[in-house]
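The structure file start-v4.tsv is reproduced below (TSV, C-alpha atoms).
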chain	number	residue	atom	x	y	z
A	1	MET	CA	64.55	89.95	57.02
A	2	SER	CA	63.38	88.13	53.87
A	3	LEU	CA	60.04	88.92	52.20
A	4	ARG	CA	58.69	85.53	53.27
A	5	ALA	CA	59.64	86.18	56.87
A	6	ARG	CA	58.04	89.61	56.77
A	7	LEU	CA	54.79	88.17	55.42
A	8	ALA	CA	54.84	85.48	58.08
A	9	HIS	CA	55.27	88.14	60.74
A	10	LEU	CA	52.11	89.88	59.49
A	11	ASP	CA	50.07	86.68	59.56
A	12	PRO	CA	47.52	86.16	62.35
A	13	PRO	CA	48.42	83.42	64.88
A	14	PRO	CA	48.16	79.94	63.26
A	15	ARG	CA	45.51	78.64	65.65
A	16	LEU	CA	43.41	81.74	65.14
A	17	VAL	CA	43.61	81.24	61.37
A	18	ASP	CA	42.43	77.64	61.74
A	19	TRP	CA	39.53	78.52	64.02
A	20	SER	CA	38.61	81.48	61.85
A	21	LEU	CA	38.35	79.19	58.83
A	22	PHE	CA	36.17	76.83	60.86
A	23	ALA	CA	33.88	79.67	61.95
A	24	LEU	CA	33.67	81.24	58.50
A	25	VAL	CA	32.84	77.94	56.80
A	26	GLY	CA	30.15	77.35	59.41
A	27	LEU	CA	28.74	80.85	58.93
A	28	ALA	CA	28.82	80.56	55.14
A	29	ALA	CA	27.12	77.16	55.28
A	30	ALA	CA	24.45	78.35	57.72
A	31	THR	CA	23.61	81.48	55.73
A	32	GLY	CA	23.78	79.55	52.46
A	33	LEU	CA	21.23	77.01	53.69
A	34	THR	CA	19.05	79.75	55.15
A	35	SER	CA	19.09	81.57	51.81
A	36	PHE	CA	17.18	78.68	50.26
A	37	TRP	CA	14.13	79.51	52.34
A	38	VAL	CA	14.04	83.30	51.97
A	39	GLY	CA	13.74	85.62	49.00
A	40	HIS	CA	12.12	88.81	50.20
A	41	PRO	CA	14.24	92.00	49.98
A	42	SER	CA	13.98	92.31	53.76
A	43	ASP	CA	16.15	89.17	53.97
A	44	ALA	CA	18.97	90.62	51.86
A	45	ALA	CA	21.31	90.85	54.87
A	46	ILE	CA	21.52	87.04	54.99
A	47	PHE	CA	22.91	86.95	51.45
A	48	TRP	CA	25.35	89.78	52.20
A	49	ILE	CA	26.66	87.95	55.27
A	50	HIS	CA	27.05	84.80	53.17
A	51	ALA	CA	29.07	86.70	50.56
A	52	VAL	CA	31.30	88.40	53.13
A	53	ALA	CA	31.92	85.14	55.00
A	54	GLY	CA	32.72	83.29	51.78
A	55	LEU	CA	35.04	85.99	50.45
A	56	SER	CA	36.88	86.16	53.79
A	57	ILE	CA	37.93	82.53	53.46
A	58	PRO	CA	40.39	82.70	50.50
A	59	PRO	CA	42.84	85.19	52.13
A	60	LEU	CA	42.99	83.00	55.24
A	61	LEU	CA	43.50	79.94	53.05
A	62	VAL	CA	46.49	81.65	51.47
A	63	VAL	CA	47.95	82.25	54.93
A	64	LYS	CA	47.37	78.62	55.90
A	65	PHE	CA	48.70	77.22	52.61
A	66	ARG	CA	51.88	79.24	52.99
A	67	ARG	CA	52.32	77.82	56.47
A	68	VAL	CA	51.79	74.14	55.58
A	69	ALA	CA	53.21	74.07	52.05
A	70	GLY	CA	56.51	72.61	53.17
A	71	ARG	CA	54.88	69.73	55.05
A	72	VAL	CA	52.61	68.94	52.10
A	73	ARG	CA	55.49	68.84	49.63
A	74	ASP	CA	57.52	66.52	51.88
A	75	ARG	CA	55.81	63.12	51.76
A	76	ARG	CA	57.83	62.03	54.77
A	77	ALA	CA	55.98	64.59	56.87
A	78	TRP	CA	52.56	63.18	55.97
A	79	ASP	CA	50.32	61.40	58.45
A	80	ARG	CA	46.96	59.67	58.07
A	81	ALA	CA	45.07	62.98	58.10
A	82	THR	CA	47.16	64.70	55.41
A	83	PRO	CA	45.20	63.38	52.37
A	84	LEU	CA	41.97	64.52	53.98
A	85	SER	CA	43.50	67.95	54.62
A	86	ILE	CA	44.49	68.23	50.95
A	87	LEU	CA	41.00	67.19	49.85
A	88	LEU	CA	39.46	69.75	52.22
A	89	ALA	CA	41.68	72.47	50.79
A	90	ALA	CA	40.75	71.52	47.21
A	91	VAL	CA	37.02	71.58	48.00
A	92	ALA	CA	37.35	74.94	49.79
A	93	VAL	CA	39.11	76.46	46.78
A	94	ALA	CA	36.51	74.97	44.43
A	95	ALA	CA	33.64	76.37	46.53
A	96	ALA	CA	35.20	79.83	46.53
A	97	ALA	CA	36.07	79.74	42.83
A	98	THR	CA	32.63	78.61	41.67
A	99	GLY	CA	30.95	81.20	43.90
A	100	VAL	CA	33.09	84.04	42.51
A	101	ALA	CA	32.67	82.79	38.95
A	102	TRP	CA	28.88	82.73	39.32
A	103	ALA	CA	28.92	86.23	40.84
A	104	VAL	CA	30.79	87.73	37.88
A	105	GLY	CA	28.71	85.87	35.28
A	106	VAL	CA	31.00	83.12	34.01
A	107	VAL	CA	29.02	80.62	31.94
A	108	VAL	CA	30.19	77.01	31.73
A	109	PRO	CA	28.18	74.36	29.82
A	110	LEU	CA	27.28	71.77	32.45
A	111	GLY	CA	24.02	70.36	31.09
A	112	PHE	CA	21.24	70.84	33.61
A	113	TRP	CA	23.76	72.10	36.18
A	114	THR	CA	25.14	75.58	36.65
A	115	LEU	CA	28.15	76.96	38.50
A	116	LEU	CA	25.73	77.88	41.27
A	117	ASN	CA	24.78	74.21	41.64
A	118	LEU	CA	28.47	73.29	41.86
A	119	HIS	CA	29.06	76.04	44.40
A	120	ILE	CA	26.27	74.65	46.57
A	121	LEU	CA	27.60	71.10	46.21
A	122	PHE	CA	31.14	72.07	47.20
A	123	GLY	CA	29.82	74.19	50.06
A	124	LEU	CA	27.81	71.28	51.45
A	125	LEU	CA	30.81	68.95	51.14
A	126	LEU	CA	32.96	71.39	53.09
A	127	VAL	CA	31.04	70.97	56.33
A	128	PRO	CA	31.54	67.21	56.97
A	129	LEU	CA	35.11	67.34	55.66
A	130	LEU	CA	35.92	70.21	58.00
A	131	LEU	CA	34.42	68.43	61.00
A	132	VAL	CA	36.51	65.31	60.34
A	133	HIS	CA	39.58	67.49	59.77
A	134	LEU	CA	38.95	69.30	63.05
A	135	ARG	CA	38.80	66.01	64.90
A	136	ALA	CA	42.20	65.02	63.52
A	137	ARG	CA	43.88	68.43	63.93
A	138	TYR	CA	42.13	69.83	66.99
A	139	ARG	CA	44.09	72.47	68.87
A	140	PRO	CA	42.21	74.73	71.31
A	141	LEU	CA	42.35	78.46	70.84
A	142	ARG	CA	44.44	80.29	73.44
A	143	ARG	CA	43.99	83.73	74.93
A	144	THR	CA	47.37	84.75	73.54
A	145	ASP	CA	46.07	84.07	70.02
A	146	VAL	CA	43.55	86.91	70.20
A	147	ARG	CA	45.19	89.36	72.60
A	148	GLU	CA	47.05	91.65	70.20
A	149	ARG	CA	45.36	94.73	68.79
A	150	ARG	CA	47.06	93.98	65.49
A	151	VAL	CA	44.89	90.88	65.16
A	152	ALA	CA	41.68	92.87	65.63
A	153	LEU	CA	42.77	95.33	62.96
A	154	GLN	CA	43.66	92.51	60.59
A	155	TYR	CA	40.23	90.92	60.91
A	156	ALA	CA	38.45	94.25	60.60
A	157	GLY	CA	40.39	94.82	57.38
A	158	LEU	CA	39.51	91.32	56.20
A	159	VAL	CA	35.76	91.93	56.62
A	160	VAL	CA	35.95	95.34	54.93
A	161	ALA	CA	37.95	93.88	52.03
A	162	ALA	CA	35.42	91.06	51.62
A	163	GLY	CA	32.54	93.55	51.52
A	164	VAL	CA	34.33	95.74	48.97
A	165	THR	CA	35.15	92.65	46.88
A	166	SER	CA	31.51	91.58	46.89
A	167	ALA	CA	30.45	94.97	45.56
A	168	GLY	CA	33.34	94.89	43.09
A	169	LEU	CA	32.22	91.57	41.63
A	170	ARG	CA	28.81	93.04	40.87
A	171	GLY	CA	30.53	96.05	39.34
A	172	LEU	CA	32.63	93.82	37.09
A	173	ALA	CA	29.52	91.96	35.92
A	174	THR	CA	27.85	95.26	35.06
A	175	LEU	CA	30.97	96.66	33.38
A	176	PHE	CA	31.38	93.66	31.08
A	177	GLY	CA	27.65	93.04	30.62
A	178	THR	CA	27.76	89.43	31.78
A	179	PRO	CA	24.59	87.48	32.70
A	180	ALA	CA	25.30	88.26	36.36
A	181	ALA	CA	24.75	91.97	35.72
A	182	THR	CA	21.03	91.37	36.25
A	183	ARG	CA	21.30	89.20	39.34
A	184	ARG	CA	19.18	89.89	42.40
A	185	PHE	CA	20.52	90.00	45.94
A	186	THR	CA	19.76	86.25	46.03
A	187	GLY	CA	22.32	85.63	43.28
A	188	SER	CA	19.65	84.59	40.75
A	189	ARG	CA	19.97	86.00	37.23
A	190	ALA	CA	17.12	87.56	35.24
A	191	LEU	CA	15.39	85.38	32.69
A	192	ASP	CA	14.84	87.03	29.34
A	193	SER	CA	11.45	88.76	29.33
A	194	ASP	CA	10.43	86.87	26.17
A	195	ALA	CA	11.70	83.49	27.31
A	196	ASP	CA	9.34	80.77	28.42
A	197	LEU	CA	9.37	80.15	32.13
A	198	PRO	CA	11.55	77.06	32.74
A	199	VAL	CA	9.80	73.92	33.94
A	200	THR	CA	11.41	72.93	37.23
A	201	SER	CA	10.20	70.58	39.94
A	202	TRP	CA	11.27	69.65	43.42
A	203	VAL	CA	13.73	66.71	43.28
A	204	ALA	CA	11.65	63.60	42.41
A	205	ASP	CA	8.30	65.33	41.82
A	206	ASP	CA	7.17	64.15	38.38
A	207	PRO	CA	3.49	63.15	38.54
A	208	ASP	CA	1.33	61.99	35.67
A	209	PRO	CA	-0.85	64.73	34.19
A	210	VAL	CA	-3.81	65.51	36.42
A	211	ASP	CA	-7.21	64.34	35.12
A	212	PRO	CA	-9.48	67.40	35.38
A	213	THR	CA	-12.60	65.23	35.49
A	214	THR	CA	-11.56	63.53	38.74
A	215	TRP	CA	-9.36	66.20	40.35
A	216	THR	CA	-10.70	68.10	43.35
A	217	LEU	CA	-9.33	70.78	45.63
A	218	SER	CA	-10.10	70.21	49.30
A	219	VAL	CA	-10.06	73.02	51.87
A	220	GLY	CA	-10.13	71.67	55.41
A	221	GLY	CA	-8.57	71.73	58.84
A	222	LEU	CA	-9.59	74.53	61.17
A	223	VAL	CA	-12.53	75.73	59.06
A	224	GLY	CA	-16.26	75.92	59.70
A	225	ARG	CA	-17.29	74.75	56.21
A	226	PRO	CA	-14.88	72.32	54.51
A	227	LEU	CA	-14.84	72.68	50.73
A	228	GLU	CA	-14.42	70.22	47.88
A	229	LEU	CA	-14.03	72.03	44.55
A	230	GLY	CA	-13.66	70.80	40.99
A	231	VAL	CA	-11.98	72.54	38.08
A	232	ASP	CA	-15.26	74.13	36.98
A	233	ASP	CA	-15.85	75.53	40.48
A	234	LEU	CA	-12.80	77.78	40.29
A	235	ASN	CA	-13.38	81.40	39.33
A	236	PRO	CA	-9.95	82.71	38.25
A	237	THR	CA	-10.42	86.46	38.52
A	238	ALA	CA	-7.52	87.41	40.81
A	239	GLU	CA	-4.59	88.83	38.85
A	240	ARG	CA	-1.08	89.28	40.20
A	241	GLN	CA	2.28	90.19	38.75
A	242	ALA	CA	4.77	88.25	40.84
A	243	LEU	CA	8.48	87.53	40.75
A	244	LEU	CA	9.45	83.86	40.80
A	245	ASP	CA	13.01	83.40	42.13
A	246	CYS	CA	14.24	79.84	41.62
A	247	THR	CA	17.03	78.41	43.77
A	248	SER	CA	18.60	76.98	40.60
A	249	GLY	CA	19.74	80.51	39.79
A	250	TRP	CA	17.16	82.40	37.72
A	251	TYR	CA	14.24	84.73	38.33
A	252	ALA	CA	11.40	86.10	36.23
A	253	GLU	CA	8.49	88.45	36.78
A	254	ARG	CA	5.31	87.23	35.12
A	255	ASP	CA	1.55	87.81	35.16
A	256	TRP	CA	-0.50	85.19	37.00
A	257	ARG	CA	-4.24	84.73	37.24
A	258	GLY	CA	-6.25	82.49	39.49
A	259	VAL	CA	-8.13	82.32	42.77
A	260	ARG	CA	-7.11	84.37	45.77
A	261	LEU	CA	-6.40	81.93	48.58
A	262	GLY	CA	-7.81	84.38	51.10
A	263	ASP	CA	-11.19	84.25	49.34
A	264	LEU	CA	-11.32	80.46	49.70
A	265	LEU	CA	-10.43	80.75	53.39
A	266	ASP	CA	-13.26	83.25	53.85
A	267	VAL	CA	-15.77	80.94	52.17
A	268	ALA	CA	-14.55	77.99	54.24
A	269	GLY	CA	-14.63	80.09	57.41
A	270	ALA	CA	-11.15	79.82	58.92
A	271	SER	CA	-11.41	79.58	62.71
A	272	GLU	CA	-10.17	82.30	65.06
A	273	ASP	CA	-7.30	80.15	66.40
A	274	ALA	CA	-5.97	79.37	62.91
A	275	ALA	CA	-2.45	80.68	62.30
A	276	TRP	CA	-0.97	78.69	59.39
A	277	VAL	CA	-2.09	77.33	56.03
A	278	THR	CA	-0.53	74.26	54.42
A	279	VAL	CA	-0.70	73.88	50.63
A	280	ARG	CA	-0.35	70.25	49.49
A	281	SER	CA	0.53	68.82	46.06
A	282	VAL	CA	-0.70	65.58	44.49
A	283	THR	CA	2.89	64.33	44.95
A	284	GLY	CA	2.71	64.75	48.74
A	285	TYR	CA	4.97	67.79	48.62
A	286	ARG	CA	3.67	70.64	50.78
A	287	TRP	CA	4.56	73.98	52.27
A	288	SER	CA	3.12	76.07	55.10
A	289	LEU	CA	2.56	79.83	55.11
A	290	PRO	CA	1.50	82.14	57.96
A	291	LEU	CA	-2.20	82.84	57.71
A	292	ASP	CA	-1.84	86.54	56.83
A	293	GLU	CA	0.65	85.72	54.08
A	294	ALA	CA	-1.47	82.86	52.78
A	295	ARG	CA	-4.49	85.18	52.44
A	296	ASP	CA	-2.52	87.29	49.97
A	297	ALA	CA	-1.31	84.29	47.94
A	298	VAL	CA	-2.93	83.13	44.69
A	299	LEU	CA	-3.82	79.65	43.49
A	300	ALA	CA	-2.90	80.29	39.86
A	301	THR	CA	-4.71	78.75	36.91
A	302	HIS	CA	-3.11	80.94	34.21
A	303	LEU	CA	0.42	82.10	33.41
A	304	SER	CA	0.94	85.09	31.08
A	305	GLY	CA	-2.67	84.81	29.94
A	306	GLU	CA	-2.46	81.11	29.06
A	307	ARG	CA	-3.92	78.18	30.96
A	308	LEU	CA	-1.26	76.44	33.03
A	309	ASP	CA	0.22	73.38	31.39
A	310	HIS	CA	1.19	70.25	33.28
A	311	GLY	CA	4.83	71.24	33.71
A	312	HIS	CA	3.85	74.46	35.44
A	313	GLY	CA	1.39	72.83	37.81
A	314	TYR	CA	-1.97	72.32	36.07
A	315	PRO	CA	-4.67	72.63	37.25
A	316	ILE	CA	-3.47	75.07	39.95
A	317	ARG	CA	-0.23	76.08	41.59
A	318	LEU	CA	0.60	78.34	44.48
A	319	VAL	CA	1.92	81.82	43.74
A	320	ALA	CA	3.56	83.15	46.90
A	321	PRO	CA	5.32	86.50	46.30
A	322	GLY	CA	8.49	86.92	48.33
A	323	ARG	CA	9.03	83.15	48.56
A	324	ARG	CA	11.58	81.07	46.65
A	325	GLY	CA	10.34	79.04	43.70
A	326	PHE	CA	10.33	75.64	45.39
A	327	GLN	CA	7.76	76.98	47.86
A	328	TRP	CA	5.34	77.74	45.01
A	329	VAL	CA	3.68	74.33	45.29
A	330	LYS	CA	2.56	72.79	41.99
A	331	TRP	CA	-0.36	70.45	41.22
A	332	VAL	CA	-2.20	71.61	44.33
A	333	GLU	CA	-4.96	69.33	45.63
A	334	GLY	CA	-5.30	70.29	49.30
A	335	ILE	CA	-5.43	73.32	51.58
A	336	GLU	CA	-5.26	72.71	55.34
A	337	VAL	CA	-5.78	75.46	57.91
A	338	ARG	CA	-3.72	74.80	61.03
A	339	ARG	CA	-2.56	76.24	64.34
A	340	ARG	CA	1.08	75.45	63.54
A	341	PRO	CA	3.19	74.77	60.43
A	342	ASP	CA	2.83	71.24	59.10
A	343	PRO	CA	5.88	69.29	60.35
A	344	ARG	CA	5.37	66.76	57.55
A	345	GLN	CA	6.73	69.28	55.06
A	346	TRP	CA	10.25	68.54	56.34
A	347	ILE	CA	9.70	64.88	55.50
A	348	ALA	CA	8.03	65.61	52.19
A	349	ILE	CA	11.01	67.56	50.87
A	350	PHE	CA	12.99	64.30	51.02
A	351	VAL	CA	10.37	61.73	49.92
A	352	SER	CA	7.74	63.50	47.78
A	353	GLY	CA	7.44	62.01	44.33
A	354	LEU	CA	9.17	58.77	45.33

Let me see the file written as structure tokens.
Amino acid sequence: MSLRARLAHLDPPPRLVDWSLFALVGLAAATGLTSFWVGHPSDAAIFWIHAVAGLSIPPLLVVKFRRVAGRVRDRRAWDRATPLSILLAAVAVAAAATGVAWAVGVVVPLGFWTLLNLHILFGLLLVPLLLVHLRARYRPLRRTDVRERRVALQYAGLVVAAGVTSAGLRGLATLFGTPAATRRFTGSRALDSDADLPVTSWVADDPDPVDPTTWTLSVGGLVGRPLELGVDDLNPTAERQALLDCTSGWYAERDWRGVRLGDLLDVAGASEDAAWVTVRSVTGYRWSLPLDEARDAVLATHLSGERLDHGHGYPIRLVAPGRRGFQWVKWVEGIEVRRRPDPRQWIAIFVSGL
């Protein structure tokens, strides 16, 4: 028996490989999207599952490529779906390659973009391409495809290998001292302790500088005493060292000073049936926090001892430890106490600043 035939004999059933790729891409996409919204260490399992799912895809792609290589090389065997299949394969390889490259600390000059941004882009493209591909190549999974014990052992080995590889990538980054050696479980890399905090904003959010003489902060909703505060009414005495983890791939721990949001809620008299607090920007962007978490948040006026500048959210911005950077709302002008999360935040993430 030739080496090729022996390898083919060890391969999982073709339909199982195809459905496994579909499931793993779905799992990687779902955990990847979820990872945007979480950043607390208690959520680390989501990122580990994403890494294991993503690293399980390349070995199965090798199996599939070996199976279809002959048909791809022979143009006479092509049908209308073949170009799409080739594009899907290229995007899958690109998503895996950029993810691995980011994990080991490869640096490529891409302007405002990073390899992490490319990884996200390719990952998002994978989902619609895979769904269209599935429609053209649909073949239902059969009981015979999953019956053999050998298959279970193969997939157990695949998951273990992916987990070991994930740990190995971090080890390589540490061994060679790449930028990824300092990355958190989220994948973000440490910003130099002396570097200025980057100015980043959500998509189209780019307001004119706030006029402190006309700006006010309103505290309303389910409160007994609505508040309307000006810049001079703020008493920034609450200090907090908090880690800002940006979804663009960096994190930094800095000292913040401002007003404890819980103190404002106490003055306003949050009602007993209140459960959520929405923080709203002058751009219309907003985010909701559970009441207990919101009480511990800070409306920051100072960063590293200096008054906030416009790019960092002057006159105040939300500091929400354990949340990703895009949830630290800038240019805050409104606080609303609610029974439920504000559903308008899911609209605002698409239209704020436009």

Residue contacts of A:Gly32 (9 Å, all atoms listed in the file) excluding same-chain residues fewer than 5 positions away, as a ChimeraX atom specification: /A:27,46-47,50,120,123

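Across the model, the gap from atom CA of A:Gly171 to atom CA of A:Pro109 is 23.8 Å.
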
All file atoms of stretch 111-129 of chain A boxed axis-aligned, 6 Å per side, centre plus edges, as AutoDock Vina command-line options:
--center_x 28.2 --center_y 72.5 --center_z 44.0 --size_x 25.9 --size_y 22.7 --size_z 37.9

Atom CA of A:Val104 to atom CA of A:Ala180, straight-line distance in Å: 5.7 Å

Could you produce a table of the residues of stretch 278-322 of chain A lying within 7 Å of stretch 198-218 of chain A, with the nearest pair of atoms per residue and their separation in Å rounded to one decimal, using all atoms listed in the file, ordered by chain and increasing residue number, as a Markdown table?
| residue | atom | partner | partner_atom | distance |
| --- | --- | --- | --- | --- |
| A:Thr283 | CA | A:Asp205 | CA | 6.3 |
| A:His310 | CA | A:Pro209 | CA | 6.0 |
| A:Gly311 | CA | A:Val199 | CA | 5.7 |
| A:His312 | CA | A:Val199 | CA | 6.2 |

Would you output that residue set with C-alpha atoms, as a PDB file, in the frame of the given file?
ATOM      1  CA  THR A 283       2.890  64.330  44.950  1.00  0.00           C
ATOM      2  CA  HIS A 310       1.190  70.250  33.280  1.00  0.00           C
ATOM      3  CA  GLY A 311       4.830  71.240  33.710  1.00  0.00           C
ATOM      4  CA  HIS A 312       3.850  74.460  35.440  1.00  0.00           C
TER       5      HIS A 312
END

So that I can check the surroundings of stretch 220-223 of chain A, please list as a PDB file with C-alpha atoms, in the frame of the given file every protein, DNA and RNA residue that reaches within 10 Å of it, counting only C-alpha atoms and ignoring chain neighbours fewer than 4 positions away.
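Full text of selection.pdb as output:
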ATOM      1  CA  LEU A 227     -14.840  72.680  50.730  1.00  0.00           C
ATOM      2  CA  GLU A 228     -14.420  70.220  47.880  1.00  0.00           C
ATOM      3  CA  LEU A 265     -10.430  80.750  53.390  1.00  0.00           C
ATOM      4  CA  ASP A 266     -13.260  83.250  53.850  1.00  0.00           C
ATOM      5  CA  VAL A 267     -15.770  80.940  52.170  1.00  0.00           C
ATOM      6  CA  ALA A 268     -14.550  77.990  54.240  1.00  0.00           C
ATOM      7  CA  GLY A 269     -14.630  80.090  57.410  1.00  0.00           C
ATOM      8  CA  ALA A 270     -11.150  79.820  58.920  1.00  0.00           C
ATOM      9  CA  SER A 271     -11.410  79.580  62.710  1.00  0.00           C
ATOM     10  CA  GLU A 272     -10.170  82.300  65.060  1.00  0.00           C
ATOM     11  CA  ASP A 273      -7.300  80.150  66.400  1.00  0.00           C
ATOM     12  CA  ALA A 274      -5.970  79.370  62.910  1.00  0.00           C
ATOM     13  CA  ALA A 275      -2.450  80.680  62.300  1.00  0.00           C
ATOM     14  CA  TRP A 276      -0.970  78.690  59.390  1.00  0.00           C
ATOM     15  CA  VAL A 277      -2.090  77.330  56.030  1.00  0.00           C
ATOM     16  CA  THR A 278      -0.530  74.260  54.420  1.00  0.00           C
ATOM     17  CA  GLY A 334      -5.300  70.290  49.300  1.00  0.00           C
ATOM     18  CA  ILE A 335      -5.430  73.320  51.580  1.00  0.00           C
ATOM     19  CA  GLU A 336      -5.260  72.710  55.340  1.00  0.00           C
ATOM     20  CA  VAL A 337      -5.780  75.460  57.910  1.00  0.00           C
ATOM     21  CA  ARG A 338      -3.720  74.800  61.030  1.00  0.00           C
ATOM     22  CA  ARG A 339      -2.560  76.240  64.340  1.00  0.00           C
TER      23      ARG A 339
END

Atom CA of A:Val52 to atom CA of A:Arg170, straight-line distance in Å: 13.3 Å

Stretch 293-307 of chain A surroundings by only C-alpha atoms, 7 Å radius, close-in-sequence under 4 positions cut, as a list in words: Pro236, Arg254, Asp255, Trp256, Arg257, Gly258, Val259, Arg260, Leu261, Gly262, Val277, Leu289, Pro315, Ile316, Arg317, Leu318, Val319 and Ala320 of chain A

Output file for the selection above: C-alpha atoms, as a short mmCIF file (atom, residue, chain, number, x, y, z; two decimals), in the frame of the given file:
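Result went into part.cif, see below:
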data_model
loop_
_atom_site.label_atom_id
_atom_site.label_comp_id
_atom_site.auth_asym_id
_atom_site.auth_seq_id
_atom_site.Cartn_x
_atom_site.Cartn_y
_atom_site.Cartn_z
CA PRO A 236 -9.95 82.71 38.25
CA ARG A 254 5.31 87.23 35.12
CA ASP A 255 1.55 87.81 35.16
CA TRP A 256 -0.50 85.19 37.00
CA ARG A 257 -4.24 84.73 37.24
CA GLY A 258 -6.25 82.49 39.49
CA VAL A 259 -8.13 82.32 42.77
CA ARG A 260 -7.11 84.37 45.77
CA LEU A 261 -6.40 81.93 48.58
CA GLY A 262 -7.81 84.38 51.10
CA VAL A 277 -2.09 77.33 56.03
CA LEU A 289 2.56 79.83 55.11
CA PRO A 315 -4.67 72.63 37.25
CA ILE A 316 -3.47 75.07 39.95
CA ARG A 317 -0.23 76.08 41.59
CA LEU A 318 0.60 78.34 44.48
CA VAL A 319 1.92 81.82 43.74
CA ALA A 320 3.56 83.15 46.90
#

For A:Leu291, the nearest of the candidates A:Val279, A:Val38, A:Leu229, A:Pro343, counting only C-alpha atoms: A:Val279

Which stretch 275-331 of chain A residues have any atom within 12 Å of an atom of stretch 182-194 of chain A, and for each, what is the nearest pair of atoms with distance in Å to one decimal, counting all atoms listed in the file, rows sorted by chain and number, as JSON lines?
{"residue": "A:Ser304", "atom": "CA", "partner": "A:Asp194", "partner_atom": "CA", "distance": 10.8}
{"residue": "A:Gly322", "atom": "CA", "partner": "A:Thr186", "partner_atom": "CA", "distance": 11.5}
{"residue": "A:Arg323", "atom": "CA", "partner": "A:Thr186", "partner_atom": "CA", "distance": 11.5}
{"residue": "A:Arg324", "atom": "CA", "partner": "A:Thr186", "partner_atom": "CA", "distance": 9.7}
{"residue": "A:Gly325", "atom": "CA", "partner": "A:Ser188", "partner_atom": "CA", "distance": 11.2}

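Proximity of A:Val62, A:Ile49, A:Ile86, A:Ala238 to A:Gly26, computed with all atoms listed in the file, is greatest for A:Ile49.
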
A:Trp19 surroundings by only C-alpha atoms, 12 Å radius, close-in-sequence under 6 positions cut, as a count of residues only: 20

Exercise: A:Arg150 partners within 12 Å, only C-alpha atoms, chain neighbours under 2 positions left out, as a ChimeraX atom specification: /A:9-13,145-148,152-157
